[in-house]
Amino acid sequence: MQDNGGQVVTHRVITMLGRQEMDYLDKLGKDALFSTGHKLSYNDILRGLIDFAMEAGISGEMIDSAKSFKEKLSRLLSRLEIKKGGS
């Protein structure tokens, strides 16, 4: 999102997900509903994941597939867990 003189500009993104991925998004939304009373939409979940990656400083360098992106995120999460003391 961009701020355009106080007005938020949004863009539509279309993605193709498999059944397992859709089931997982549904489960996240329902888990949120039953634990907090607020169901997360697909948009909320995807925006949260993107915001996390942006705030963590993830770049596209050395990423050539979904698999390499996942590996980069996994390495970041491992480093965060080590810094936290492992919870």
# chains A, B, ... in the order shown; residues from 1 in each chain; ligands from 1
call {"tool": "select_by_dssp", "arguments": {"residues": "chain A", "states": "helix (DSSP H, G or I)", "output": "ChimeraX atom specification"}}
result
/A:19-36,42-55,66-84
call {"tool": "write_last_selection", "arguments": {"atoms": "N, CA and C atoms", "output": "compact mmCIF listing (two decimals), in the first residue's frame"}}
result
# COMPACT_ATOMS: atom_id res chain seq x y z
N ARG A 19 -5.08 -26.95 -3.33
CA ARG A 19 -6.07 -27.31 -2.30
C ARG A 19 -5.46 -27.28 -0.90
N GLN A 20 -4.26 -27.84 -0.76
CA GLN A 20 -3.60 -27.90 0.55
C GLN A 20 -3.32 -26.49 1.08
N GLU A 21 -2.90 -25.60 0.20
CA GLU A 21 -2.61 -24.22 0.61
C GLU A 21 -3.89 -23.49 1.01
N MET A 22 -4.96 -23.71 0.25
CA MET A 22 -6.25 -23.09 0.58
C MET A 22 -6.79 -23.63 1.91
N ASP A 23 -6.65 -24.94 2.11
CA ASP A 23 -7.09 -25.54 3.38
C ASP A 23 -6.33 -24.93 4.55
N TYR A 24 -5.03 -24.68 4.35
CA TYR A 24 -4.22 -24.10 5.42
C TYR A 24 -4.67 -22.66 5.73
N LEU A 25 -4.93 -21.87 4.69
CA LEU A 25 -5.42 -20.51 4.91
C LEU A 25 -6.76 -20.54 5.64
N ASP A 26 -7.64 -21.46 5.25
CA ASP A 26 -8.93 -21.60 5.94
C ASP A 26 -8.73 -21.95 7.40
N LYS A 27 -7.80 -22.87 7.67
CA LYS A 27 -7.53 -23.29 9.05
C LYS A 27 -7.00 -22.12 9.88
N LEU A 28 -6.08 -21.32 9.31
CA LEU A 28 -5.57 -20.15 10.04
C LEU A 28 -6.71 -19.20 10.40
N GLY A 29 -7.57 -18.94 9.43
CA GLY A 29 -8.69 -18.04 9.68
C GLY A 29 -9.63 -18.55 10.74
N LYS A 30 -9.93 -19.85 10.69
CA LYS A 30 -10.84 -20.45 11.68
C LYS A 30 -10.20 -20.53 13.06
N ASP A 31 -8.91 -20.86 13.12
CA ASP A 31 -8.21 -20.88 14.40
C ASP A 31 -8.26 -19.50 15.06
N ALA A 32 -8.07 -18.47 14.25
CA ALA A 32 -8.15 -17.11 14.78
C ALA A 32 -9.56 -16.82 15.29
N LEU A 33 -10.56 -17.24 14.53
CA LEU A 33 -11.95 -17.02 14.94
C LEU A 33 -12.26 -17.65 16.28
N PHE A 34 -11.86 -18.92 16.45
CA PHE A 34 -12.19 -19.61 17.69
C PHE A 34 -11.35 -19.16 18.88
N SER A 35 -10.16 -18.60 18.61
CA SER A 35 -9.33 -18.16 19.73
C SER A 35 -9.49 -16.68 20.07
N THR A 36 -9.91 -15.87 19.10
CA THR A 36 -10.01 -14.43 19.34
C THR A 36 -11.38 -13.84 19.05
N TYR A 42 -8.24 -14.15 3.88
CA TYR A 42 -7.04 -14.49 3.12
C TYR A 42 -6.17 -13.25 2.97
N ASN A 43 -6.81 -12.13 2.72
CA ASN A 43 -6.08 -10.87 2.55
C ASN A 43 -5.30 -10.50 3.82
N ASP A 44 -5.94 -10.64 4.99
CA ASP A 44 -5.26 -10.35 6.26
C ASP A 44 -4.03 -11.24 6.45
N ILE A 45 -4.19 -12.53 6.15
CA ILE A 45 -3.09 -13.48 6.34
C ILE A 45 -1.94 -13.17 5.40
N LEU A 46 -2.25 -12.98 4.12
CA LEU A 46 -1.19 -12.69 3.15
C LEU A 46 -0.51 -11.36 3.43
N ARG A 47 -1.30 -10.35 3.81
CA ARG A 47 -0.71 -9.05 4.16
C ARG A 47 0.23 -9.19 5.35
N GLY A 48 -0.17 -9.97 6.36
CA GLY A 48 0.68 -10.19 7.53
C GLY A 48 1.99 -10.87 7.16
N LEU A 49 1.93 -11.88 6.30
CA LEU A 49 3.14 -12.57 5.86
C LEU A 49 4.07 -11.63 5.08
N ILE A 50 3.48 -10.82 4.21
CA ILE A 50 4.29 -9.88 3.43
C ILE A 50 4.89 -8.81 4.34
N ASP A 51 4.10 -8.27 5.26
CA ASP A 51 4.63 -7.27 6.19
C ASP A 51 5.78 -7.83 7.02
N PHE A 52 5.64 -9.09 7.47
CA PHE A 52 6.71 -9.73 8.23
C PHE A 52 7.99 -9.80 7.41
N ALA A 53 7.88 -10.27 6.17
CA ALA A 53 9.06 -10.39 5.30
C ALA A 53 9.69 -9.02 5.05
N MET A 54 8.88 -8.00 4.85
CA MET A 54 9.40 -6.65 4.62
C MET A 54 10.13 -6.13 5.86
N GLU A 55 9.51 -6.28 7.03
CA GLU A 55 10.11 -5.79 8.27
C GLU A 55 11.37 -6.57 8.63
N ALA A 66 9.95 -20.61 -5.34
CA ALA A 66 9.22 -20.62 -4.06
C ALA A 66 10.01 -21.39 -3.02
N LYS A 67 10.68 -22.46 -3.46
CA LYS A 67 11.47 -23.28 -2.54
C LYS A 67 12.63 -22.48 -1.93
N SER A 68 13.34 -21.71 -2.76
CA SER A 68 14.46 -20.94 -2.21
C SER A 68 13.97 -19.80 -1.32
N PHE A 69 12.79 -19.26 -1.62
CA PHE A 69 12.20 -18.23 -0.75
C PHE A 69 11.86 -18.84 0.61
N LYS A 70 11.26 -20.03 0.59
CA LYS A 70 10.92 -20.73 1.83
C LYS A 70 12.18 -21.01 2.65
N GLU A 71 13.25 -21.45 1.99
CA GLU A 71 14.51 -21.73 2.68
C GLU A 71 15.08 -20.45 3.32
N LYS A 72 14.97 -19.33 2.61
CA LYS A 72 15.47 -18.06 3.16
C LYS A 72 14.66 -17.67 4.39
N LEU A 73 13.36 -17.82 4.33
CA LEU A 73 12.52 -17.52 5.50
C LEU A 73 12.83 -18.46 6.66
N SER A 74 13.06 -19.73 6.36
CA SER A 74 13.37 -20.71 7.40
C SER A 74 14.68 -20.35 8.11
N ARG A 75 15.68 -19.94 7.34
CA ARG A 75 16.95 -19.53 7.95
C ARG A 75 16.75 -18.32 8.85
N LEU A 76 15.96 -17.36 8.40
CA LEU A 76 15.68 -16.18 9.21
C LEU A 76 14.98 -16.57 10.51
N LEU A 77 13.97 -17.41 10.42
CA LEU A 77 13.25 -17.83 11.62
C LEU A 77 14.15 -18.59 12.58
N SER A 78 15.05 -19.42 12.04
CA SER A 78 16.00 -20.15 12.89
C SER A 78 16.89 -19.17 13.65
N ARG A 79 17.36 -18.14 12.96
CA ARG A 79 18.21 -17.14 13.63
C ARG A 79 17.42 -16.39 14.68
N LEU A 80 16.17 -16.09 14.43
CA LEU A 80 15.34 -15.40 15.41
C LEU A 80 15.12 -16.27 16.65
N GLU A 81 14.89 -17.56 16.44
CA GLU A 81 14.69 -18.48 17.56
C GLU A 81 15.96 -18.59 18.40
N ILE A 82 17.12 -18.62 17.77
CA ILE A 82 18.38 -18.68 18.49
C ILE A 82 18.57 -17.43 19.33
N LYS A 83 18.26 -16.25 18.76
CA LYS A 83 18.40 -15.00 19.50
C LYS A 83 17.46 -14.95 20.70
N LYS A 84 16.24 -15.52 20.54
CA LYS A 84 15.26 -15.53 21.62
C LYS A 84 15.59 -16.55 22.69
